[in-house]
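Just input_30.txt here, compact mmCIF, C-alpha atoms and all ligand atoms:
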```txt
# COMPACT_ATOMS: atom_id res chain seq x y z
CA MET A 21 24.04 -10.45 -18.12
CA SER A 22 20.78 -11.24 -16.35
CA GLU A 23 19.92 -9.30 -13.22
CA VAL A 24 20.11 -12.50 -11.14
CA ASP A 25 23.68 -12.99 -12.42
CA GLU A 26 24.37 -9.39 -11.51
CA ILE A 27 23.31 -10.17 -7.92
CA LEU A 28 25.32 -13.41 -7.81
CA ASN A 29 28.42 -11.64 -9.13
CA GLN A 30 28.33 -9.31 -6.15
CA LEU A 31 28.39 -12.17 -3.64
CA THR A 32 31.74 -13.61 -2.58
CA THR A 33 32.51 -17.29 -3.17
CA GLU A 34 32.16 -17.87 0.56
CA GLU A 35 28.74 -16.15 0.64
CA LYS A 36 27.53 -18.20 -2.32
CA GLU A 37 28.74 -21.44 -0.72
CA LYS A 38 26.74 -20.61 2.42
CA LEU A 39 23.54 -20.28 0.37
CA MET A 40 24.17 -23.08 -2.12
CA THR A 41 22.26 -26.40 -2.14
CA LYS A 42 20.34 -25.47 1.00
CA LYS A 43 16.67 -25.67 1.88
CA VAL A 44 14.92 -22.37 2.50
CA LEU A 45 11.44 -21.12 3.27
CA ILE A 46 10.45 -17.69 1.98
CA THR A 47 7.22 -16.22 3.24
CA GLY A 48 5.93 -13.72 0.72
CA GLY A 49 7.91 -15.64 -1.90
CA GLY A 50 5.39 -14.58 -4.56
CA GLY A 51 5.89 -10.90 -3.83
CA PHE A 52 8.23 -8.36 -5.34
CA LEU A 53 11.31 -9.00 -3.17
CA GLY A 54 10.37 -12.60 -2.34
CA SER A 55 10.28 -13.62 -5.98
CA TRP A 56 13.67 -12.04 -6.67
CA ILE A 57 15.22 -13.78 -3.65
CA SER A 58 13.60 -17.09 -4.72
CA GLU A 59 14.97 -16.81 -8.24
CA THR A 60 18.48 -15.97 -7.01
CA LEU A 61 18.55 -18.87 -4.54
CA LEU A 62 17.24 -21.31 -7.18
CA ALA A 63 20.18 -20.28 -9.34
CA LEU A 64 22.38 -21.52 -6.49
CA ASN A 65 20.68 -24.93 -6.58
CA THR A 66 18.89 -24.30 -3.34
CA LYS A 67 15.46 -25.75 -2.60
CA VAL A 68 13.00 -22.89 -2.26
CA TYR A 69 9.70 -23.33 -0.42
CA CYS A 70 7.60 -20.30 -1.31
CA LEU A 71 4.78 -19.53 1.11
CA ASP A 72 2.32 -16.95 -0.13
CA ASN A 73 -1.39 -16.20 0.10
CA PHE A 74 -1.24 -13.91 -2.95
CA SER A 75 -2.97 -11.12 -1.05
CA THR A 76 -0.59 -8.69 -2.75
CA GLY A 77 1.88 -10.98 -4.52
CA VAL A 78 0.98 -11.98 -8.06
CA ARG A 79 1.22 -15.45 -9.59
CA ARG A 80 2.99 -14.12 -12.67
CA ASN A 81 6.00 -13.26 -10.43
CA ILE A 82 6.75 -16.94 -9.92
CA GLU A 83 5.37 -18.39 -13.14
CA ARG A 84 8.78 -19.11 -14.58
CA LEU A 85 10.06 -20.61 -11.30
CA LYS A 86 7.30 -23.21 -11.16
CA ASN A 87 9.04 -25.57 -13.58
CA ASN A 88 12.18 -25.66 -11.48
CA LYS A 89 12.36 -29.00 -9.63
CA ASN A 90 13.69 -27.19 -6.54
CA PHE A 91 10.70 -24.85 -6.27
CA TYR A 92 7.73 -25.67 -4.01
CA LEU A 93 4.71 -23.41 -3.79
CA ILE A 94 2.54 -23.39 -0.67
CA GLU A 95 -0.54 -21.19 -0.88
CA LYS A 96 -1.45 -20.23 2.67
CA ASP A 97 -1.50 -17.41 5.20
CA VAL A 98 1.73 -17.40 7.16
CA GLU A 99 -0.19 -17.46 10.46
CA ASP A 100 -1.91 -20.73 9.47
CA PHE A 101 1.13 -22.52 8.06
CA GLU A 102 2.00 -25.84 9.75
CA THR A 103 4.77 -28.16 8.61
CA ASP A 104 6.95 -31.09 9.69
CA GLU A 105 9.74 -29.92 7.38
CA THR A 106 12.85 -28.17 8.62
CA PHE A 107 14.86 -25.50 6.83
CA ASP A 108 18.38 -24.05 6.75
CA PHE A 109 17.17 -20.48 6.26
CA ILE A 110 13.79 -18.85 6.82
CA PHE A 111 13.09 -15.48 5.23
CA HIS A 112 10.01 -13.76 6.64
CA PHE A 113 8.97 -11.37 3.87
CA ALA A 114 5.18 -11.76 3.94
CA SER A 115 3.38 -8.48 4.52
CA ARG A 116 1.36 -5.93 2.67
CA PRO A 117 3.99 -3.24 1.97
CA ALA A 118 2.09 -0.38 0.26
CA PRO A 119 0.78 2.37 2.57
CA ASP A 120 -2.40 2.97 0.52
CA ASP A 121 -3.13 -0.76 0.82
CA TYR A 122 -2.08 -1.69 4.35
CA VAL A 123 -4.11 1.15 5.87
CA LEU A 124 -7.16 -0.67 4.44
CA HIS A 125 -6.05 -3.98 6.03
CA PRO A 126 -4.51 -3.01 9.37
CA VAL A 127 -5.42 -6.19 11.27
CA GLU A 128 -4.06 -8.51 8.59
CA THR A 129 -0.88 -6.39 8.36
CA LEU A 130 -0.35 -6.59 12.12
CA LYS A 131 -1.02 -10.35 12.15
CA ALA A 132 1.56 -11.08 9.45
CA ASN A 133 4.10 -9.02 11.41
CA SER A 134 3.32 -10.48 14.84
CA ILE A 135 1.73 -13.94 14.80
CA GLY A 136 3.41 -14.60 11.45
CA THR A 137 6.82 -13.61 12.80
CA LEU A 138 6.28 -15.66 15.97
CA LYS A 139 5.39 -18.76 13.96
CA MET A 140 8.38 -18.39 11.68
CA LEU A 141 10.73 -17.83 14.63
CA GLU A 142 9.37 -20.98 16.28
CA LEU A 143 9.91 -22.92 13.06
CA SER A 144 13.44 -21.49 12.83
CA LYS A 145 14.11 -22.61 16.40
CA ARG A 146 12.90 -26.13 15.66
CA SER A 147 14.89 -26.18 12.41
CA ASN A 148 17.94 -24.52 13.93
CA ALA A 149 17.65 -22.22 10.91
CA THR A 150 19.02 -18.77 10.28
CA PHE A 151 16.07 -16.36 10.41
CA VAL A 152 16.05 -13.28 8.19
CA TYR A 153 13.45 -10.65 8.88
CA ALA A 154 12.32 -8.10 6.30
CA SER A 155 12.04 -5.02 8.45
CA SER A 156 11.69 -1.54 7.07
CA SER A 157 12.86 2.06 7.22
CA GLU A 158 9.33 2.59 8.57
CA VAL A 159 10.60 1.54 12.02
CA TYR A 160 12.22 5.01 12.15
CA GLY A 161 8.88 6.71 11.43
CA ASP A 162 9.30 10.44 10.79
CA ALA A 163 13.04 10.32 11.56
CA GLU A 164 14.71 13.27 13.28
CA ILE A 165 18.22 12.16 12.33
CA ILE A 166 19.04 12.15 8.62
CA PRO A 167 20.89 10.15 7.34
CA THR A 168 19.45 7.66 9.78
CA PRO A 169 21.76 5.10 11.39
CA GLU A 170 20.62 1.76 12.83
CA ASP A 171 21.02 2.97 16.43
CA TYR A 172 18.37 5.70 16.01
CA TRP A 173 15.27 4.60 17.95
CA GLY A 174 12.62 6.14 15.75
CA LYS A 175 9.70 8.55 15.99
CA VAL A 176 6.55 6.57 15.36
CA ASN A 177 2.91 7.33 16.10
CA PRO A 178 1.72 4.11 17.81
CA ILE A 179 -1.95 4.82 17.12
CA GLY A 180 -1.61 6.45 13.70
CA VAL A 181 -2.87 4.97 10.42
CA ARG A 182 0.61 3.69 9.55
CA SER A 183 1.13 2.07 12.94
CA CYS A 184 -0.15 -1.31 11.73
CA TYR A 185 2.96 -1.52 9.57
CA ASP A 186 5.49 0.49 11.62
CA GLU A 187 4.63 -1.08 14.95
CA GLY A 188 4.28 -4.54 13.41
CA LYS A 189 7.82 -4.23 12.09
CA ARG A 190 9.06 -2.88 15.42
CA PHE A 191 7.36 -5.67 17.39
CA SER A 192 8.84 -8.26 15.03
CA GLU A 193 12.32 -6.83 15.49
CA ALA A 194 11.86 -7.05 19.27
CA LEU A 195 10.69 -10.65 18.90
CA CYS A 196 13.74 -11.53 16.77
CA MET A 197 16.03 -10.10 19.44
CA ALA A 198 14.12 -11.99 22.15
CA TYR A 199 14.70 -15.29 20.29
CA LEU A 200 18.37 -14.42 19.95
CA ARG A 201 18.71 -13.59 23.66
CA GLU A 202 16.57 -16.38 25.07
CA TYR A 203 17.21 -19.23 22.58
CA ASN A 204 20.44 -18.11 20.91
CA LEU A 205 18.68 -18.24 17.54
CA ASP A 206 20.65 -16.89 14.58
CA VAL A 207 18.50 -13.90 13.59
CA ARG A 208 19.36 -11.16 11.11
CA ILE A 209 17.26 -8.05 10.49
CA VAL A 210 17.33 -6.00 7.32
CA ARG A 211 15.69 -2.57 7.37
CA ILE A 212 14.75 -2.16 3.76
CA PHE A 213 14.38 1.38 2.38
CA ASN A 214 12.11 2.15 -0.58
CA THR A 215 13.01 -0.39 -3.22
CA PHE A 216 11.83 -0.65 -6.80
CA GLY A 217 12.31 -2.41 -10.09
CA PRO A 218 10.64 -5.03 -12.27
CA ARG A 219 7.59 -6.72 -10.68
CA LEU A 220 6.80 -3.90 -8.24
CA ARG A 221 3.05 -3.46 -8.52
CA ALA A 222 1.62 -0.20 -9.80
CA ASP A 223 -2.10 -0.99 -9.78
CA GLY A 224 -4.71 0.42 -7.42
CA ALA A 225 -3.80 0.76 -3.76
CA TYR A 226 -0.79 -1.55 -4.29
CA GLY A 227 1.11 1.13 -6.20
CA ARG A 228 4.20 2.75 -4.74
CA ALA A 229 5.57 6.12 -5.81
CA ILE A 230 7.90 4.86 -8.56
CA SER A 231 5.71 2.10 -9.95
CA ARG A 232 2.60 4.26 -9.93
CA PHE A 233 4.29 7.32 -11.46
CA LEU A 234 5.78 5.11 -14.18
CA SER A 235 2.48 3.56 -15.12
CA GLN A 236 0.75 6.97 -15.03
CA ALA A 237 3.48 8.54 -17.19
CA LEU A 238 3.53 5.72 -19.73
CA GLU A 239 -0.23 6.09 -20.13
CA HIS A 240 0.03 9.92 -20.27
CA GLN A 241 -2.27 10.13 -17.24
CA PRO A 242 -1.83 12.73 -14.46
CA VAL A 243 1.02 11.92 -12.08
CA THR A 244 -0.45 12.03 -8.56
CA ILE A 245 1.66 13.68 -5.90
CA TYR A 246 0.46 13.54 -2.29
CA GLY A 247 1.06 16.89 -0.59
CA ASP A 248 3.63 19.36 -1.91
CA GLY A 249 6.08 16.75 -3.17
CA GLN A 250 8.86 18.17 -0.98
CA GLN A 251 9.00 14.95 1.05
CA THR A 252 11.97 12.74 0.23
CA ARG A 253 12.76 9.05 -0.15
CA SER A 254 15.95 7.16 -1.00
CA PHE A 255 15.09 4.71 -3.74
CA THR A 256 17.08 1.50 -4.13
CA TYR A 257 17.08 -0.66 -7.21
CA VAL A 258 16.03 -4.24 -6.57
CA THR A 259 19.33 -5.91 -7.53
CA ASP A 260 21.10 -3.79 -4.91
CA THR A 261 18.44 -4.54 -2.29
CA VAL A 262 18.56 -8.30 -2.89
CA THR A 263 22.38 -8.30 -2.88
CA GLY A 264 22.34 -6.53 0.50
CA ILE A 265 19.77 -8.95 1.93
CA LEU A 266 21.72 -12.02 0.78
CA LYS A 267 24.99 -10.64 2.12
CA ALA A 268 23.32 -10.07 5.50
CA THR A 269 22.00 -13.66 5.30
CA ALA A 270 25.34 -15.27 4.47
CA SER A 271 27.73 -13.04 6.40
CA ASN A 272 29.85 -14.40 9.26
CA VAL A 273 29.43 -11.19 11.21
CA ALA A 274 25.69 -10.51 10.87
CA ARG A 275 24.27 -12.82 13.55
CA GLY A 276 21.92 -10.81 15.76
CA GLU A 277 22.62 -7.66 13.75
CA VAL A 278 20.39 -5.14 12.03
CA PHE A 279 21.33 -3.42 8.78
CA ASN A 280 19.96 -0.50 6.81
CA ILE A 281 19.66 -1.64 3.20
CA GLY A 282 19.07 1.40 1.04
CA ASN A 283 20.52 3.87 -1.40
CA THR A 284 21.92 7.10 0.04
CA GLU A 285 20.73 9.20 -2.92
CA GLU A 286 17.83 11.22 -1.47
CA THR A 287 15.14 12.37 -3.90
CA LYS A 288 12.21 14.76 -3.47
CA ILE A 289 8.97 13.21 -4.70
CA ILE A 290 8.36 16.19 -7.00
CA ASP A 291 11.79 15.63 -8.59
CA LEU A 292 11.01 11.93 -8.95
CA ALA A 293 7.80 12.80 -10.81
CA ILE A 294 9.67 15.21 -13.13
CA LEU A 295 12.44 12.64 -13.78
CA ILE A 296 9.92 9.92 -14.63
CA ILE A 297 7.98 12.20 -16.98
CA GLU A 298 11.27 13.07 -18.70
CA LEU A 299 12.57 9.52 -18.99
CA THR A 300 9.28 8.21 -20.36
CA LYS A 301 8.91 11.22 -22.69
CA SER A 302 5.39 11.51 -21.31
CA LYS A 303 2.77 14.19 -21.86
CA SER A 304 1.51 13.71 -18.28
CA LYS A 305 0.85 16.68 -16.04
CA ILE A 306 1.58 16.62 -12.31
CA ILE A 307 -1.40 16.96 -9.98
CA PHE A 308 -1.22 17.62 -6.24
CA LEU A 309 -3.52 15.62 -3.98
CA PRO A 310 -4.02 15.96 -0.20
CA PRO A 311 -0.98 14.76 1.79
CA ALA A 312 -0.94 11.17 3.03
CA LYS A 313 -1.46 10.92 6.78
CA ASP A 314 1.68 10.59 8.94
CA ASP A 315 3.80 10.52 5.78
CA PRO A 316 7.49 10.80 6.83
CA ARG A 317 9.03 14.06 5.53
CA ARG A 318 12.52 12.78 4.85
CA ARG A 319 14.03 9.35 4.50
CA ARG A 320 17.67 8.59 3.86
CA PRO A 321 19.73 5.76 5.34
CA ASP A 322 23.17 5.85 6.88
CA ILE A 323 24.66 2.67 5.43
CA THR A 324 28.09 2.85 7.07
CA LYS A 325 27.41 -0.36 9.00
CA ALA A 326 26.45 -2.41 5.92
CA MET A 327 29.42 -0.97 4.02
CA LEU A 328 31.87 -1.92 6.77
CA LYS A 329 30.46 -5.26 7.91
CA LEU A 330 28.85 -6.63 4.76
CA LYS A 331 31.09 -4.87 2.23
CA TRP A 332 27.89 -3.83 0.51
CA ALA A 333 26.92 -0.60 -1.21
CA PRO A 334 24.31 0.12 -3.87
CA LYS A 335 25.62 0.22 -7.42
CA VAL A 336 22.60 1.28 -9.50
CA SER A 337 21.61 4.96 -9.56
CA ILE A 338 17.93 5.92 -9.39
CA GLU A 339 18.03 7.07 -13.01
CA GLU A 340 19.60 3.83 -14.23
CA GLY A 341 17.11 1.80 -12.14
CA ILE A 342 14.16 3.72 -13.58
CA LYS A 343 15.46 3.18 -17.13
CA ARG A 344 15.74 -0.55 -16.49
CA THR A 345 12.23 -0.64 -15.03
CA ILE A 346 10.84 1.22 -18.05
CA LYS A 347 12.45 -1.36 -20.31
CA TRP A 348 10.85 -4.14 -18.29
CA LEU A 349 7.45 -2.42 -18.31
CA ARG A 350 7.61 -2.15 -22.09
CA ASN A 351 8.37 -5.89 -22.42
CA GLN A 352 6.61 -7.17 -19.27
CA ASN A 353 8.68 -10.37 -19.24
CA PHE A 354 8.17 -11.46 -15.64
N1 LIG B 401 3.44 9.22 -3.14
C1 LIG B 401 2.82 10.17 -3.93
N2 LIG B 401 1.91 9.74 -4.85
C2 LIG B 401 1.59 8.43 -5.03
C3 LIG B 401 2.23 7.47 -4.23
C4 LIG B 401 3.14 7.91 -3.28
O1 LIG B 401 3.09 11.38 -3.82
O2 LIG B 401 0.74 8.13 -5.89
C5 LIG B 401 4.39 9.68 -2.13
C6 LIG B 401 4.03 9.24 -0.71
O3 LIG B 401 3.16 10.16 -0.10
C7 LIG B 401 5.40 9.19 -0.05
C8 LIG B 401 6.33 8.80 -1.19
O4 LIG B 401 5.65 9.10 -2.39
O5 LIG B 401 5.76 10.46 0.42
C9 LIG B 401 6.69 7.33 -1.19
O6 LIG B 401 5.51 6.57 -1.15
P1 LIG B 401 5.49 4.99 -1.29
O7 LIG B 401 4.07 4.55 -1.20
O8 LIG B 401 6.26 4.58 -2.47
O9 LIG B 401 6.31 4.46 -0.03
P2 LIG B 401 6.45 4.87 1.52
O10 LIG B 401 7.84 5.34 1.62
O11 LIG B 401 5.48 5.97 1.87
O12 LIG B 401 6.18 3.63 2.25
```

Output the structure of this file as structure tokens.
Ligand code: UDP
Amino acid sequence: MSEVDEILNQLTTEEKEKLMTKKVLITGGGGFLGSWISETLLALNTKVYCLDNFSTGVRRNIERLKNNKNFYLIEKDVEDFETDETFDFIFHFASRPAPDDYVLHPVETLKANSIGTLKMLELSKRSNATFVYASSSEVYGDAEIIPTPEDYWGKVNPIGVRSCYDEGKRFSEALCMAYLREYNLDVRIVRIFNTFGPRLRADGAYGRAISRFLSQALEHQPVTIYGDGQQTRSFTYVTDTVTGILKATASNVARGEVFNIGNTEETKIIDLAILIIELTKSKSKIIFLPPAKDDPRRRRPDITKAMLKLKWAPKVSIEEGIKRTIKWLRNQNF
């Protein structure tokens, strides 16, 4: 079974009908999550307009979608996008997501998550579309409540190096809720926790912990841990993440709601490095580099709300997800 089929199998008939033969716009449609969402919606015979400037997304992600008659690629910055078209759903997923990368592009990151969000909300209002915003566990910052529920307000440094991302996501959430309250727009917010799988970039500043460690281990290069490696993350395999996002999009009870979408299995970064070295049978050594600035110490979602309202829970363990990603890396069939 393909991974897209695996996602579709987890949606109810009613959820699939909601998403079928529609017209959607996905900003960041060439990115890691955007390309997976695009592919899944195309399988439901939906027209997908993919808006991407390929600042971090890669063309190979959407190469095989390009021949689909329902796929339209628009290469532009989200802030500059103008259109007369209207849509049934708008997914705003355009943003640089990798900390090492967004700290080098703070203004662009803030623009995508402020002006970009505003433009997409306006387009949703004109279209009478459902608006789905890709928020992040980063809105909680260095959370004091673990596992973290949606009603925790967060502990974020507004002037820190990560603030371009954290505060951009927080501002966008506020803007979504303002459009709900003032214009009764159907908005849905997903707070996505660390997600991984095929197509997640590993190169340069774009690399995330799992993708970078995997590429380092497969090449028998040192695995680079920032700090002591005692910090934790809860890693979610992409099929689970996309299933959660699409359930939040199609649900009858998700209007104006925010959901944590993440795995509850919490992993120390040092243990992640050891697991990856084991699973790849690598000769890599672990090296410890200076800690990343304002790096949250622990991250683990409380997903009770998504379990109750969306009937969603992750199915793929971190180990299984890493094995699948290794298989993909060895074949590289985008
Ligand atoms: N990390 C690391 N080495 C790397 C990349 C990341 O030790 O080469 C750590 C990083 O400091 C953080 C965790 O792994 O504590 C997750 O980092 P990632 O960039 O994947 O996502 P974040 O959750 O920080 O946005």

Excluding same-chain residues fewer than 6 positions from Val278 of chain A, what lies within 7 Å of it counting only C-alpha atoms, as a PDB file with C-alpha atoms, keeping the file's coordinate frame?
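So the final result, stored in result.pdb, reads:
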```pdb
ATOM      1  CA  GLU A 170      20.620   1.760  12.830  1.00  0.00           C
ATOM      2  CA  ARG A 208      19.360 -11.160  11.110  1.00  0.00           C
ATOM      3  CA  ILE A 209      17.260  -8.050  10.490  1.00  0.00           C
ATOM      4  CA  VAL A 210      17.330  -6.000   7.320  1.00  0.00           C
TER       5      VAL A 210
END
```

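Residues in contact with segment 94-109 of chain A at up to 6 Å, not including ones fewer than 5 positions away on its chain and judged by all atoms listed in the file, are A:Lys43, A:Val44, A:Cys70, A:Leu71, A:Asp72, A:Asn73, A:Ile135, A:Gly136, A:Ser147, A:Ala149, A:Thr150, A:Phe151.
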
Using 6 Å of padding on each side, determine the axis-aligned box around all atoms of segment 137-147 of chain A present in the file and give its centre and edge lengths in Å to one decimal, as lines of an AutoDock Vina configuration file.
```
center_x = 10.1
center_y = -19.9
center_z = 14.0
size_x = 21.5
size_y = 24.6
size_z = 16.7
```

Enumerate as a PyMOL selection string the residues within 9 Å of ligand LIG 401 (chain B), counting only C-alpha atoms and all ligand atoms. chain A and resi 117-120+156-158+213-216+225-233+243-255+288-290+292-293+308-309+311-313+315-319

Residue subset to file, keeping C-alpha atoms, as a compact mmCIF listing (two decimals), in the frame of the given file:
```txt
# COMPACT_ATOMS: atom_id res chain seq x y z
CA PRO A 117 3.99 -3.24 1.97
CA ALA A 118 2.09 -0.38 0.26
CA PRO A 119 0.78 2.37 2.57
CA ASP A 120 -2.40 2.97 0.52
CA SER A 156 11.69 -1.54 7.07
CA SER A 157 12.86 2.06 7.22
CA GLU A 158 9.33 2.59 8.57
CA PHE A 213 14.38 1.38 2.38
CA ASN A 214 12.11 2.15 -0.58
CA THR A 215 13.01 -0.39 -3.22
CA PHE A 216 11.83 -0.65 -6.80
CA ALA A 225 -3.80 0.76 -3.76
CA TYR A 226 -0.79 -1.55 -4.29
CA GLY A 227 1.11 1.13 -6.20
CA ARG A 228 4.20 2.75 -4.74
CA ALA A 229 5.57 6.12 -5.81
CA ILE A 230 7.90 4.86 -8.56
CA SER A 231 5.71 2.10 -9.95
CA ARG A 232 2.60 4.26 -9.93
CA PHE A 233 4.29 7.32 -11.46
CA VAL A 243 1.02 11.92 -12.08
CA THR A 244 -0.45 12.03 -8.56
CA ILE A 245 1.66 13.68 -5.90
CA TYR A 246 0.46 13.54 -2.29
CA GLY A 247 1.06 16.89 -0.59
CA ASP A 248 3.63 19.36 -1.91
CA GLY A 249 6.08 16.75 -3.17
CA GLN A 250 8.86 18.17 -0.98
CA GLN A 251 9.00 14.95 1.05
CA THR A 252 11.97 12.74 0.23
CA ARG A 253 12.76 9.05 -0.15
CA SER A 254 15.95 7.16 -1.00
CA PHE A 255 15.09 4.71 -3.74
CA LYS A 288 12.21 14.76 -3.47
CA ILE A 289 8.97 13.21 -4.70
CA ILE A 290 8.36 16.19 -7.00
CA LEU A 292 11.01 11.93 -8.95
CA ALA A 293 7.80 12.80 -10.81
CA PHE A 308 -1.22 17.62 -6.24
CA LEU A 309 -3.52 15.62 -3.98
CA PRO A 311 -0.98 14.76 1.79
CA ALA A 312 -0.94 11.17 3.03
CA LYS A 313 -1.46 10.92 6.78
CA ASP A 315 3.80 10.52 5.78
CA PRO A 316 7.49 10.80 6.83
CA ARG A 317 9.03 14.06 5.53
CA ARG A 318 12.52 12.78 4.85
CA ARG A 319 14.03 9.35 4.50
```

Report the closest atom pair, with its distance in Å rounded to one decimal, for each residue of segment 127-175 of chain A that has an atom no farther than 6 Å from segment 186-194 of chain A; count all atoms listed in the file, sort by chain and then rising residue number, and write it as a tab-separated table.
```
residue	atom	partner	partner_atom	distance
A:Leu130	CA	A:Gly188	CA	5.2
A:Asn133	CA	A:Gly188	CA	4.9
A:Ser134	CA	A:Ser192	CA	6.0
A:Ser155	CA	A:Lys189	CA	5.6
A:Glu158	CA	A:Asp186	CA	5.3
A:Val159	CA	A:Asp186	CA	5.2
```

Between A:Met40, A:Ile57, A:Ile165, A:Ile110, which is the closest to Thr263 of chain A once you count only C-alpha atoms?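 Closest residue, counting only C-alpha atoms: A:Ile57.
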
Can you tell me which residues surround Asp322 of chain A at a distance of at most 8 Å, considering all atoms listed in the file, apart from same-chain residues fewer than 2 positions away, and format the answer as a ChimeraX atom specification? /A:166-170,280,284,320,324-325

Could you tell me how far atom CA of Ala274 of chain A sits from atom CA of Glu202 of chain A, in Å to one decimal place?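 So the two atoms, atom CA of Glu202 of chain A and atom CA of Ala274 of chain A, lie 17.9 Å apart.
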
Within 10 Å of Asn88 of chain A, counting all atoms listed in the file, which residues show up once you throw out same-chain ones fewer than 3 positions away? Write them as an NGL selection string, please. :A and (59 or 62-63 or 65 or 67-68 or 84-85 or 91-92)

Would you list the contacts of Tyr160 of chain A as a PyMOL selection string, taking every protein, DNA or RNA residue within 8 Å and counting all atoms listed in the file, but skipping same-chain residues closer than 3 positions in sequence? chain A and resi 157+163+172-176

My list of candidates is A:Ile82, A:Val152, A:Leu195, A:Ile294. Which is closest to Ser271 of chain A when distances are computed with all atoms listed in the file?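 With all atoms listed in the file as the atom set, the closest residue is A:Val152.
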
Give as a PyMOL selection string the set of residues within 12 Å of the point (20.5, -14.8, -3.3), where distances use the file's coordinates and only C-alpha atoms. chain A and resi 23-32+35-42+44+46+53-66+68+109+111+258-270

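A distance cut-off of 9 Å around (23.7, 3.1, -7.4), counting only C-alpha atoms, selects these protein and nucleic acid residues: Thr256, Tyr257, Asp260, Asn283, Thr284, Glu285, Ala333, Pro334, Lys335, Val336, Ser337, Ile338, Glu339, Glu340 and Gly341 of chain A.
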
Just the number, please: distance in Å from atom CA of Ser115 of chain A to atom CA of Ala132 of chain A, one decimal.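 Separation of atom CA of Ser115 of chain A and atom CA of Ala132 of chain A: 5.9 Å.
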
Nearest to His240 of chain A by atom-to-atom distance, counting all atoms listed in the file, from A:Asp121, A:Glu298, A:Glu34, A:Glu128: A:Glu298

Rank nothing, just name the residue among A:Thr300, A:Thr345, A:Ser183, A:Asn272 nearest to Val127 of chain A, using all atoms listed in the file.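 Of A:Thr300, A:Thr345, A:Ser183, A:Asn272, the one nearest Val127 of chain A is A:Ser183, counting all atoms listed in the file.
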
So how many Å separate atom CA of Gln241 of chain A and atom CA of Lys305 of chain A, to one decimal? 7.4 Å

Would you please work out which residue, of A:Gly48, A:Pro126, A:Pro218, A:Gly77, is nearest to Arg350 of chain A when using only C-alpha atoms?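 Of the candidates, the smallest distance to Arg350 of chain A is held by A:Pro218.
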